[in-house]
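Colleague: Data file start.tsv (TSV, C-alpha atoms and all ligand atoms) is appended below.
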chain	number	residue	atom	x	y	z
G	1	MET	CA	-29.55	15.36	-10.14
G	2	SER	CA	-25.87	15.86	-9.35
G	3	LEU	CA	-24.20	14.39	-6.27
G	4	SER	CA	-23.66	17.89	-4.81
G	5	GLU	CA	-27.37	18.71	-5.18
G	6	LEU	CA	-28.27	15.41	-3.52
G	7	ARG	CA	-25.93	16.15	-0.63
G	8	LEU	CA	-27.34	19.69	-0.16
G	9	ARG	CA	-30.88	18.32	-0.05
G	10	SER	CA	-29.97	15.77	2.60
G	11	VAL	CA	-28.19	18.43	4.69
G	12	ARG	CA	-31.34	20.63	4.62
G	13	ARG	CA	-33.47	17.66	5.68
G	14	VAL	CA	-31.19	16.92	8.64
G	15	LYS	CA	-31.41	20.59	9.76
G	16	LEU	CA	-35.22	20.47	9.70
G	17	ASP	CA	-35.19	17.26	11.73
G	18	LEU	CA	-32.90	18.85	14.31
G	19	ASN	CA	-35.46	21.61	14.92
G	20	SER	CA	-38.23	19.10	15.59
G	21	PRO	CA	-38.77	17.49	19.03
G	22	ASP	CA	-38.21	14.02	17.46
G	23	PRO	CA	-34.72	12.60	16.97
G	24	PRO	CA	-33.32	13.26	13.46
G	25	THR	CA	-34.18	10.60	10.90
G	26	THR	CA	-31.63	9.12	8.52
G	27	PRO	CA	-31.40	11.40	5.45
G	28	ASN	CA	-32.87	9.88	2.33
G	29	ILE	CA	-29.67	9.66	0.32
G	30	MET	CA	-28.46	7.12	-2.19
G	31	LYS	CA	-26.14	4.56	-0.60
G	32	VAL	CA	-23.18	3.67	-2.79
G	33	PRO	CA	-20.89	0.97	-1.42
G	34	PHE	CA	-17.29	2.15	-1.22
G	35	LEU	CA	-16.11	-1.14	-2.65
G	36	ASP	CA	-18.13	-4.05	-4.02
G	37	LEU	CA	-15.71	-7.00	-3.90
G	38	LYS	CA	-18.42	-9.48	-4.92
G	39	ALA	CA	-18.98	-7.66	-8.21
G	40	HIS	CA	-15.24	-7.12	-8.66
G	41	HIS	CA	-14.54	-10.86	-8.31
G	42	ALA	CA	-17.58	-12.24	-10.16
G	43	PRO	CA	-15.99	-12.36	-13.66
G	44	LEU	CA	-12.86	-14.05	-12.26
G	45	THR	CA	-14.36	-16.87	-10.16
G	46	GLU	CA	-13.80	-19.64	-12.74
G	47	GLU	CA	-10.14	-18.63	-13.10
G	48	PHE	CA	-9.80	-18.53	-9.29
G	49	ASP	CA	-11.34	-22.01	-8.99
G	50	ARG	CA	-8.90	-23.49	-11.51
G	51	ALA	CA	-5.87	-21.77	-9.91
G	52	ILE	CA	-6.83	-22.81	-6.37
G	53	ARG	CA	-7.36	-26.41	-7.52
G	54	GLU	CA	-3.87	-26.34	-9.03
G	55	VAL	CA	-2.36	-25.22	-5.72
G	56	ILE	CA	-4.27	-27.93	-3.85
G	57	GLU	CA	-3.10	-30.59	-6.32
G	58	SER	CA	0.53	-29.51	-5.95
G	59	SER	CA	0.31	-28.96	-2.16
G	60	ALA	CA	2.49	-25.83	-2.54
G	61	PHE	CA	0.71	-23.93	0.23
G	62	ALA	CA	3.48	-21.97	2.01
G	63	GLY	CA	5.94	-20.21	-0.28
G	64	GLY	CA	6.86	-22.39	-3.28
G	65	PRO	CA	6.39	-22.11	-7.06
G	66	PHE	CA	3.15	-20.08	-7.08
G	67	VAL	CA	4.75	-17.48	-4.83
G	68	GLU	CA	7.92	-17.40	-6.95
G	69	LYS	CA	5.85	-16.95	-10.11
G	70	PHE	CA	3.88	-14.07	-8.61
G	71	GLU	CA	7.08	-12.47	-7.28
G	72	GLU	CA	8.54	-12.43	-10.80
G	73	GLU	CA	5.33	-11.04	-12.31
G	74	PHE	CA	4.92	-8.34	-9.68
G	75	ALA	CA	8.57	-7.26	-9.86
G	76	SER	CA	8.23	-6.97	-13.63
G	77	PHE	CA	4.94	-5.03	-13.33
G	78	CYS	CA	6.63	-2.54	-10.98
G	79	GLY	CA	9.82	-2.34	-13.05
G	80	SER	CA	11.89	-3.60	-10.13
G	81	SER	CA	14.55	-6.33	-10.02
G	82	TYR	CA	12.98	-8.37	-7.22
G	83	ALA	CA	9.76	-8.87	-5.29
G	84	ILE	CA	9.68	-10.74	-1.98
G	85	GLY	CA	6.26	-12.15	-1.04
G	86	MET	CA	5.19	-11.57	2.57
G	87	GLY	CA	2.29	-12.52	4.82
G	88	ASN	CA	0.82	-8.98	4.73
G	89	GLY	CA	1.77	-5.33	4.21
G	90	THR	CA	2.74	-4.76	7.85
G	91	ASP	CA	5.25	-7.66	7.67
G	92	ALA	CA	6.58	-6.11	4.44
G	93	LEU	CA	7.30	-2.77	6.18
G	94	TRP	CA	8.70	-4.41	9.32
G	95	LEU	CA	11.07	-6.80	7.55
G	96	ALA	CA	12.23	-4.13	5.08
G	97	LEU	CA	13.19	-1.92	8.05
G	98	LEU	CA	14.98	-4.82	9.79
G	99	ALA	CA	16.83	-5.77	6.60
G	100	LEU	CA	18.02	-2.16	6.32
G	101	GLY	CA	19.44	-2.43	9.84
G	102	ILE	CA	16.89	-0.24	11.65
G	103	GLY	CA	16.80	-1.10	15.36
G	104	GLU	CA	16.66	0.06	18.95
G	105	GLY	CA	17.28	3.79	19.47
G	106	ASP	CA	16.92	4.70	15.80
G	107	GLU	CA	14.44	7.28	14.52
G	108	VAL	CA	12.39	6.87	11.36
G	109	ILE	CA	10.61	9.86	9.84
G	110	THR	CA	7.12	9.24	8.51
G	111	VAL	CA	3.66	10.85	8.35
G	112	PRO	CA	0.71	10.62	10.75
G	113	ASN	CA	-1.75	10.71	7.83
G	114	THR	CA	-1.59	6.98	7.12
G	115	PHE	CA	-2.86	3.66	8.40
G	116	ILE	CA	-1.39	2.76	11.82
G	117	ALA	CA	0.70	-0.10	10.33
G	118	THR	CA	3.32	2.38	9.02
G	119	ALA	CA	4.19	3.53	12.55
G	120	GLU	CA	3.59	0.05	14.03
G	121	ALA	CA	6.27	-1.47	11.80
G	122	ILE	CA	8.77	1.13	13.09
G	123	THR	CA	7.96	0.33	16.72
G	124	TYR	CA	8.19	-3.46	16.02
G	125	CYS	CA	11.91	-2.76	15.32
G	126	LYS	CA	12.17	-0.87	18.65
G	127	ALA	CA	12.82	2.31	16.67
G	128	ARG	CA	10.88	5.57	17.18
G	129	PRO	CA	8.49	7.03	14.59
G	130	VAL	CA	8.99	10.78	14.12
G	131	PHE	CA	6.04	12.42	12.40
G	132	VAL	CA	6.20	15.24	9.87
G	133	ASP	CA	3.10	16.93	8.50
G	134	VAL	CA	1.62	16.39	5.06
G	135	ASP	CA	1.14	18.76	2.16
G	136	PRO	CA	-2.50	20.04	2.19
G	137	GLU	CA	-2.74	19.67	-1.62
G	138	THR	CA	-1.63	16.03	-1.90
G	139	PHE	CA	-2.13	14.76	1.69
G	140	THR	CA	1.30	13.10	1.42
G	141	MET	CA	4.66	13.84	3.14
G	142	ASN	CA	5.69	17.51	2.91
G	143	PRO	CA	9.42	17.40	2.01
G	144	ALA	CA	9.90	20.94	3.42
G	145	GLU	CA	9.16	19.52	6.91
G	146	LEU	CA	12.00	16.97	6.87
G	147	GLU	CA	14.92	19.19	7.88
G	148	LYS	CA	13.51	20.16	11.29
G	149	SER	CA	12.92	16.50	12.24
G	150	LEU	CA	16.44	15.35	11.43
G	151	THR	CA	18.57	14.27	14.43
G	152	THR	CA	21.73	12.21	14.80
G	153	LYS	CA	19.42	9.20	15.46
G	154	THR	CA	17.52	9.50	12.16
G	155	LYS	CA	18.16	6.41	10.01
G	156	ALA	CA	15.33	6.24	7.50
G	157	ILE	CA	12.28	7.93	5.95
G	158	ILE	CA	8.97	6.24	5.11
G	159	PRO	CA	6.89	8.34	2.70
G	160	VAL	CA	3.36	6.98	2.21
G	161	HIS	CA	1.68	6.99	-1.21
G	162	LEU	CA	-1.81	7.47	0.19
G	163	PHE	CA	-5.07	6.79	-1.70
G	164	GLY	CA	-3.02	6.03	-4.83
G	165	GLN	CA	-1.42	9.49	-4.74
G	166	PRO	CA	2.39	9.24	-4.78
G	167	ALA	CA	4.39	11.38	-2.36
G	168	ASP	CA	6.66	14.04	-3.89
G	169	MET	CA	9.63	11.66	-4.09
G	170	ASN	CA	12.39	13.72	-5.75
G	171	PRO	CA	13.00	16.15	-2.85
G	172	ILE	CA	12.54	13.29	-0.34
G	173	LEU	CA	15.16	11.15	-2.12
G	174	GLU	CA	17.49	14.13	-2.40
G	175	PHE	CA	17.18	14.85	1.33
G	176	ALA	CA	17.78	11.17	2.16
G	177	ARG	CA	20.85	11.00	-0.07
G	178	ALA	CA	22.31	14.19	1.41
G	179	ASN	CA	21.89	12.81	4.94
G	180	GLY	CA	22.73	9.12	4.41
G	181	LEU	CA	19.19	7.89	5.16
G	182	SER	CA	17.38	4.82	3.80
G	183	VAL	CA	14.02	5.33	2.06
G	184	ILE	CA	11.27	2.75	2.44
G	185	GLU	CA	8.16	3.57	0.43
G	186	ASP	CA	4.81	2.58	1.93
G	187	ALA	CA	3.02	1.74	-1.32
G	188	ALA	CA	0.29	-0.31	0.37
G	189	GLN	CA	-2.34	1.90	-1.32
G	190	ALA	CA	-0.54	2.61	-4.59
G	191	HIS	CA	-0.17	-0.49	-6.77
G	192	GLY	CA	0.49	0.81	-10.27
G	193	ALA	CA	0.58	4.52	-9.32
G	194	GLU	CA	3.31	6.54	-11.03
G	195	TYR	CA	5.54	9.47	-10.06
G	196	LYS	CA	7.31	11.17	-13.00
G	197	GLY	CA	7.25	7.95	-15.02
G	198	ARG	CA	8.38	5.69	-12.16
G	199	LYS	CA	6.14	3.21	-10.37
G	200	ALA	CA	5.37	3.69	-6.68
G	201	GLY	CA	7.59	1.44	-4.58
G	202	THR	CA	10.58	1.47	-6.94
G	203	MET	CA	12.25	4.78	-6.07
G	204	GLY	CA	13.65	4.14	-2.59
G	205	ASP	CA	15.69	1.26	-1.19
G	206	ALA	CA	12.54	-0.83	-0.75
G	207	GLY	CA	8.84	-0.47	-1.61
G	208	CYS	CA	6.22	-2.18	0.55
G	209	PHE	CA	2.82	-3.37	-0.65
G	210	SER	CA	-0.28	-4.76	1.03
G	211	PHE	CA	-2.59	-7.14	-0.82
G	212	TYR	CA	-5.35	-6.90	1.80
G	213	PRO	CA	-8.61	-7.72	-0.03
G	214	GLY	CA	-9.77	-4.09	-0.26
G	215	LYS	CA	-6.58	-2.82	-1.88
G	216	ASN	CA	-6.25	-2.00	-5.61
G	217	LEU	CA	-4.52	-5.37	-5.94
G	218	GLY	CA	-6.18	-7.49	-3.27
G	219	ALA	CA	-5.80	-11.18	-2.39
G	220	LEU	CA	-8.61	-13.43	-1.14
G	221	GLY	CA	-7.04	-13.13	2.32
G	222	GLU	CA	-3.87	-11.60	3.74
G	223	ALA	CA	-0.71	-11.01	1.68
G	224	GLY	CA	2.00	-8.42	1.05
G	225	ALA	CA	5.31	-7.91	-0.74
G	226	VAL	CA	8.47	-5.81	-0.84
G	227	VAL	CA	10.13	-4.75	-4.09
G	228	THR	CA	13.81	-3.83	-4.31
G	229	ASN	CA	16.71	-3.64	-6.75
G	230	ASP	CA	19.24	-4.67	-4.10
G	231	PRO	CA	20.13	-8.41	-4.16
G	232	GLU	CA	21.55	-8.31	-0.60
G	233	LEU	CA	18.37	-6.75	0.80
G	234	ARG	CA	16.34	-9.36	-1.05
G	235	LYS	CA	18.38	-12.16	0.51
G	236	GLN	CA	17.99	-10.67	3.99
G	237	MET	CA	14.22	-10.36	3.63
G	238	GLN	CA	13.92	-13.89	2.24
G	239	MET	CA	15.66	-15.16	5.37
G	240	LEU	CA	13.78	-12.94	7.82
G	241	ARG	CA	10.37	-14.04	6.46
G	242	ASP	CA	11.32	-17.73	6.77
G	243	HIS	CA	12.65	-18.31	10.31
G	244	GLY	CA	16.05	-16.85	9.41
G	245	GLN	CA	16.81	-19.82	7.13
G	246	SER	CA	19.57	-19.41	4.53
G	247	ARG	CA	18.81	-22.99	3.41
G	248	LYS	CA	16.57	-25.69	4.81
G	249	TYR	CA	17.16	-26.02	8.58
G	250	TYR	CA	20.19	-23.67	8.52
G	251	HIS	CA	19.01	-20.75	10.62
G	252	SER	CA	21.64	-18.08	10.02
G	253	THR	CA	19.79	-15.29	11.79
G	254	MET	CA	16.72	-14.75	13.93
G	255	GLY	CA	13.63	-14.67	11.76
G	256	TRP	CA	9.85	-15.05	11.78
G	257	ASN	CA	7.15	-16.74	9.76
G	258	CYS	CA	6.02	-14.01	7.35
G	259	ARG	CA	5.72	-16.10	4.18
G	260	MET	CA	3.11	-15.51	1.49
G	261	ASP	CA	0.87	-18.52	0.89
G	262	GLY	CA	0.50	-20.32	-2.43
G	263	ILE	CA	-3.26	-19.83	-2.84
G	264	GLN	CA	-2.96	-16.06	-2.39
G	265	ALA	CA	-0.05	-15.93	-4.86
G	266	ALA	CA	-2.03	-17.89	-7.49
G	267	VAL	CA	-5.02	-15.57	-7.07
G	268	LEU	CA	-2.81	-12.46	-7.19
G	269	SER	CA	-1.23	-13.61	-10.47
G	270	ILE	CA	-4.71	-13.61	-12.00
G	271	LYS	CA	-5.74	-10.26	-10.53
G	272	LEU	CA	-2.44	-8.61	-11.51
G	273	ARG	CA	-3.34	-9.11	-15.19
G	274	HIS	CA	-6.44	-6.93	-14.64
G	275	LEU	CA	-4.83	-4.27	-12.44
G	276	ASP	CA	-4.17	-1.59	-15.06
G	277	GLU	CA	-7.76	-1.80	-16.30
G	278	ALA	CA	-9.15	-1.75	-12.73
G	279	ASN	CA	-7.00	1.31	-11.89
G	280	SER	CA	-8.20	3.25	-14.94
G	281	LEU	CA	-11.81	2.43	-14.05
G	282	ARG	CA	-11.19	3.79	-10.53
G	283	ARG	CA	-9.83	7.03	-12.03
G	284	LYS	CA	-12.85	7.30	-14.32
G	285	HIS	CA	-15.30	6.74	-11.44
G	286	ALA	CA	-13.46	9.25	-9.21
G	287	LEU	CA	-13.86	11.86	-11.94
G	288	GLU	CA	-17.60	11.05	-12.19
G	289	TYR	CA	-18.18	11.37	-8.45
G	290	GLY	CA	-16.05	14.49	-8.28
G	291	ARG	CA	-17.91	16.50	-10.92
G	292	GLY	CA	-18.88	19.94	-9.53
G	293	GLU	CA	-17.41	19.36	-6.07
G	294	VAL	CA	-14.70	21.71	-4.76
G	295	ARG	CA	-12.78	19.04	-2.84
G	296	ALA	CA	-13.21	16.53	-5.58
G	297	ALA	CA	-11.92	19.08	-8.10
G	298	ARG	CA	-8.58	18.62	-6.37
G	299	LEU	CA	-8.97	14.84	-6.60
G	300	SER	CA	-9.91	15.20	-10.27
G	301	ARG	CA	-6.70	17.13	-10.89
G	302	LEU	CA	-4.72	14.23	-9.42
G	303	CYS	CA	-6.69	11.75	-11.53
G	304	ARG	CA	-6.32	13.80	-14.72
G	305	SER	CA	-2.56	13.88	-14.19
G	306	GLY	CA	-2.81	10.11	-14.70
G	307	THR	CA	-0.62	9.37	-11.70
G	308	GLY	CA	-3.00	8.48	-8.89
G	309	THR	CA	-4.80	5.16	-8.67
L	1	LIG	C1	-0.81	2.84	4.11
L	1	LIG	C2	-0.82	1.44	4.64
L	1	LIG	N1	0.30	0.92	5.14
L	1	LIG	C3	0.35	-0.35	5.61
L	1	LIG	C4	-0.75	-1.17	5.58
L	1	LIG	C5	-0.66	-2.54	6.19
L	1	LIG	O1	-1.02	-3.58	5.33
L	1	LIG	P1	-1.68	-4.93	5.87
L	1	LIG	O2	-3.05	-4.62	6.33
L	1	LIG	O3	-1.65	-5.84	4.68
L	1	LIG	O4	-0.81	-5.44	6.98
L	1	LIG	C6	-1.95	-0.68	5.04
L	1	LIG	C7	-3.14	-1.53	4.95
L	1	LIG	O5	-4.18	-1.34	5.41
L	1	LIG	C8	-1.99	0.66	4.57
L	1	LIG	O6	-3.11	1.18	4.05
Can you give me the file's structure in the form of structure tokens?
Ligand SMILES: Cc1ncc(COP(=O)(O)O)c(C=O)c1O

Modeller:
Amino acid sequence: MSLSELRLRSVRRVKLDLNSPDPPTTPNIMKVPFLDLKAHHAPLTEEFDRAIREVIESSAFAGGPFVEKFEEEFASFCGSSYAIGMGNGTDALWLALLALGIGEGDEVITVPNTFIATAEAITYCKARPVFVDVDPETFTMNPAELEKSLTTKTKAIIPVHLFGQPADMNPILEFARANGLSVIEDAAQAHGAEYKGRKAGTMGDAGCFSFYPGKNLGALGEAGAVVTNDPELRKQMQMLRDHGQSRKYYHSTMGWNCRMDGIQAAVLSIKLRHLDEANSLRRKHALEYGRGEVRAARLSRLCRSGTGT
């Protein structure tokens, strides 16, 4: 029986229950977990154990060589010059905005169809999020909406590559260039996704990733990163994430503690090697679930284009 037939059956059952004097019962439908992290991690546990032991033996818990190794690997995976490990994806967005000079009184254009962290990061900088609507086909930023939100206070745009579907970046980048705006990509849900041959996160001034456990590339706890090709931005973010230090105990600017930890970096290095395979399995499964469904036909189109993750 197809998924659509199953769903129709359960809908009919709910309607019948509603007509009866008794409260409706739970429809008898197959429960499929959205994400089974236990199964996802099972084949990797021995590798995790070895890597975590290595971190413990070297005591490199906060920043350090495991983080530097992962930063190099992730930058190379994305096709970017640098990656800067962060404590989580929200820190990544916040510090990228700060490093780009966004502050009090500034406006940053983004979308409401995202996780709250995108707008939160803007308000952390005392700037104001200005929302533009999304395209109903892709659910990502509609570039045609940008012009009417532009004011003299606009300093940056944050397109969000939601559910692995990249935003339509070319017109967004063109608009930003024409108006002197920075572009920070929220790629928290798009590790490995591509837009016209370029990886999500590498097209603007900075690309921000979350490695929250449920993400396509997930840590065994909290972690995040920013990728950039700009060495000055990299330096700024390295200072901001580490108490504003330019070198040990020289605090050149105000900063925070937003460092990535060594255990998460070691685990992420292992999981990164399996990311392409995991992403293609996700596409395959999305196509399976989508068969025969009108809404999922749209999703299937995105998957068939080979760009979404
Ligand atoms: C689109 C988006 N942006 C930002 C974030 C924030 O990432 P984190 O939870 O690692 O702080 C998330 C994560 O949930 C997200 O989905």

Colleague: Quick one: residues within 12 Å of Leu173 of chain G, only C-alpha atoms, excluding same-chain residues fewer than 2 positions away - as a ChimeraX atom specification?

Modeller: /G:143,146,156-159,167-171,175-185,202-205

Colleague: Restricting it to C-alpha atoms, dump the selection as an mmCIF file, in the frame of the given file.

Modeller:
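result-v4.cif, freshly written:
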data_model
loop_
_atom_site.group_PDB
_atom_site.id
_atom_site.type_symbol
_atom_site.label_atom_id
_atom_site.label_comp_id
_atom_site.auth_asym_id
_atom_site.auth_seq_id
_atom_site.Cartn_x
_atom_site.Cartn_y
_atom_site.Cartn_z
ATOM 1 C CA PRO G 143 9.420 17.400 2.010
ATOM 2 C CA LEU G 146 12.000 16.970 6.870
ATOM 3 C CA ALA G 156 15.330 6.240 7.500
ATOM 4 C CA ILE G 157 12.280 7.930 5.950
ATOM 5 C CA ILE G 158 8.970 6.240 5.110
ATOM 6 C CA PRO G 159 6.890 8.340 2.700
ATOM 7 C CA ALA G 167 4.390 11.380 -2.360
ATOM 8 C CA ASP G 168 6.660 14.040 -3.890
ATOM 9 C CA MET G 169 9.630 11.660 -4.090
ATOM 10 C CA ASN G 170 12.390 13.720 -5.750
ATOM 11 C CA PRO G 171 13.000 16.150 -2.850
ATOM 12 C CA PHE G 175 17.180 14.850 1.330
ATOM 13 C CA ALA G 176 17.780 11.170 2.160
ATOM 14 C CA ARG G 177 20.850 11.000 -0.070
ATOM 15 C CA ALA G 178 22.310 14.190 1.410
ATOM 16 C CA ASN G 179 21.890 12.810 4.940
ATOM 17 C CA GLY G 180 22.730 9.120 4.410
ATOM 18 C CA LEU G 181 19.190 7.890 5.160
ATOM 19 C CA SER G 182 17.380 4.820 3.800
ATOM 20 C CA VAL G 183 14.020 5.330 2.060
ATOM 21 C CA ILE G 184 11.270 2.750 2.440
ATOM 22 C CA GLU G 185 8.160 3.570 0.430
ATOM 23 C CA THR G 202 10.580 1.470 -6.940
ATOM 24 C CA MET G 203 12.250 4.780 -6.070
ATOM 25 C CA GLY G 204 13.650 4.140 -2.590
ATOM 26 C CA ASP G 205 15.690 1.260 -1.190
#

Colleague: Considering only C-alpha atoms and all ligand atoms, tabulate each residue of chain G that lies at most 6 Å from ligand LIG 1 (chain L) along with its nearest interatomic pair and the corresponding distance in Å to one decimal; arrange the rows by chain and ascending residue number and present them as a Markdown table.

Modeller:
| residue | atom | partner | partner_atom | distance |
| --- | --- | --- | --- | --- |
| G:Asn88 | CA | L:LIG1 | O3 | 4.0 |
| G:Gly89 | CA | L:LIG1 | O1 | 3.5 |
| G:Thr90 | CA | L:LIG1 | O4 | 3.7 |
| G:Thr114 | CA | L:LIG1 | C1 | 5.2 |
| G:Phe115 | CA | L:LIG1 | C2 | 4.8 |
| G:Ala117 | CA | L:LIG1 | C3 | 4.7 |
| G:Thr118 | CA | L:LIG1 | N1 | 5.1 |
| G:Asp186 | CA | L:LIG1 | N1 | 5.8 |
| G:Ala188 | CA | L:LIG1 | C2 | 4.7 |
| G:Gln189 | CA | L:LIG1 | O6 | 5.5 |
| G:Ser210 | CA | L:LIG1 | O3 | 4.0 |
| G:Phe211 | CA | L:LIG1 | O3 | 5.7 |
| G:Tyr212 | CA | L:LIG1 | O3 | 4.8 |
| G:Gly224 | CA | L:LIG1 | O3 | 5.8 |

Colleague: Give me, as a tab-separated table, the closest atom pair and its distance (Å, one decimal) for every residue of segment 76-176 of chain G within a cut-off of 12 Å of segment 239-243 of chain G, counting all atoms listed in the file, rows sorted by chain and rising number.

Modeller:
residue	atom	partner	partner_atom	distance
G:Ile84	CA	G:Arg241	CA	9.1
G:Gly85	CA	G:Arg241	CA	8.8
G:Met86	CA	G:Arg241	CA	6.9
G:Gly87	CA	G:Arg241	CA	8.4
G:Asn88	CA	G:Arg241	CA	10.9
G:Asp91	CA	G:Arg241	CA	8.3
G:Ala92	CA	G:Arg241	CA	9.0
G:Leu93	CA	G:Arg241	CA	11.7
G:Trp94	CA	G:Leu240	CA	10.0
G:Leu95	CA	G:Leu240	CA	6.7
G:Ala96	CA	G:Leu240	CA	9.4
G:Leu97	CA	G:Leu240	CA	11.0
G:Leu98	CA	G:Leu240	CA	8.4
G:Ala99	CA	G:Leu240	CA	7.9
G:Leu100	CA	G:Leu240	CA	11.7

Colleague: Would you mind reading off the distance between atom CA of Leu272 of chain G and atom CA of Phe139 of chain G, one decimal, in Å?

Modeller: 26.8 Å

Colleague: Expressed in Å to a single decimal, how great is the separation between atom CA of Gly290 of chain G and atom CA of Val160 of chain G?

Modeller: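 Calculated distance between atom CA of Gly290 of chain G and atom CA of Val160 of chain G is 23.3 Å.
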
Colleague: My list of candidates is G:Ala206, G:Thr151, G:His191, G:Ser269. Which is closest to Asn229 of chain G when distances are computed with all atoms listed in the file?

Modeller: G:Ala206

Colleague: Tell me which of G:Ala119, G:Ser246, G:Glu107, G:Leu162 sits closest to Val134 of chain G, counting only C-alpha atoms.

Modeller: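 Selected residue with least distance to Val134 of chain G: G:Leu162.
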
Colleague: Between G:Gly218, G:Gly105, G:Pro65, G:Gly197, which is the closest to His40 of chain G once you count only C-alpha atoms?

Modeller: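 Among the listed residues, G:Gly218 lies closest to His40 of chain G.
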
Colleague: Excluding Ala60 of chain G and its own-chain neighbours fewer than 5 positions away, which residues fall within 12 Å of it when counting all atoms listed in the file? Please give them as a PDB file with C-alpha atoms, in the frame of the given file.

Modeller:
ATOM      1  CA  ALA G  51      -5.870 -21.770  -9.910  1.00  0.00           C
ATOM      2  CA  ILE G  52      -6.830 -22.810  -6.370  1.00  0.00           C
ATOM      3  CA  ARG G  53      -7.360 -26.410  -7.520  1.00  0.00           C
ATOM      4  CA  GLU G  54      -3.870 -26.340  -9.030  1.00  0.00           C
ATOM      5  CA  VAL G  55      -2.360 -25.220  -5.720  1.00  0.00           C
ATOM      6  CA  PRO G  65       6.390 -22.110  -7.060  1.00  0.00           C
ATOM      7  CA  PHE G  66       3.150 -20.080  -7.080  1.00  0.00           C
ATOM      8  CA  VAL G  67       4.750 -17.480  -4.830  1.00  0.00           C
ATOM      9  CA  GLU G  68       7.920 -17.400  -6.950  1.00  0.00           C
ATOM     10  CA  MET G 260       3.110 -15.510   1.490  1.00  0.00           C
ATOM     11  CA  ASP G 261       0.870 -18.520   0.890  1.00  0.00           C
ATOM     12  CA  GLY G 262       0.500 -20.320  -2.430  1.00  0.00           C
ATOM     13  CA  ILE G 263      -3.260 -19.830  -2.840  1.00  0.00           C
ATOM     14  CA  GLN G 264      -2.960 -16.060  -2.390  1.00  0.00           C
ATOM     15  CA  ALA G 265      -0.050 -15.930  -4.860  1.00  0.00           C
ATOM     16  CA  ALA G 266      -2.030 -17.890  -7.490  1.00  0.00           C
TER      17      ALA G 266
END

Colleague: Which one of G:Glu71, G:Glu104, G:Glu147, G:Asp49 sits closest to Ala225 of chain G if you count only C-alpha atoms?

Modeller: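 Distance minimum relative to Ala225 of chain G lands on G:Glu71.
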
Colleague: So that all listed atoms of segment 200-219 of chain G fit with 4 Å spare on each side, what axis-aligned box centre and edge lengths in Å, to one decimal, would you give as lines of an AutoDock Vina configuration file?

Modeller:
center_x = 3.0
center_y = -3.2
center_z = -2.6
size_x = 33.5
size_y = 24.0
size_z = 16.7

Colleague: What's the separation between atom CA of Cys258 of chain G and atom CA of Glu222 of chain G, in Å to one decimal place?

Modeller: 10.8 Å

Colleague: Taking only C-alpha atoms into account, which of G:Ser59, G:Thr110, G:Ser80, G:Asn28 comes nearest Val227 of chain G?

Modeller: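 The closest residue to Val227 of chain G is G:Ser80.
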
Colleague: Given the choices G:Thr154, G:Asn113, G:Thr123, G:Thr45, which gets closest to Thr138 of chain G if the distance is worked out from only C-alpha atoms?

Modeller: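 Using only C-alpha atoms, Thr138 of chain G sits closest to G:Asn113.
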
Colleague: Excluding Glu72 of chain G and its own-chain neighbours fewer than 6 positions away, which residues fall within 9 Å of it when counting all atoms listed in the file? Please give them as an MDAnalysis selection string.

Modeller: chainID G and resid 81:83

Colleague: If you keep C-alpha atoms, can you produce a file of those selected residues as a CSV table (one decimal), in the coordinates of the input?

Modeller:
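Output (result27.csv):
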chain,number,residue,atom,x,y,z
G,81,SER,CA,14.6,-6.3,-10.0
G,82,TYR,CA,13.0,-8.4,-7.2
G,83,ALA,CA,9.8,-8.9,-5.3
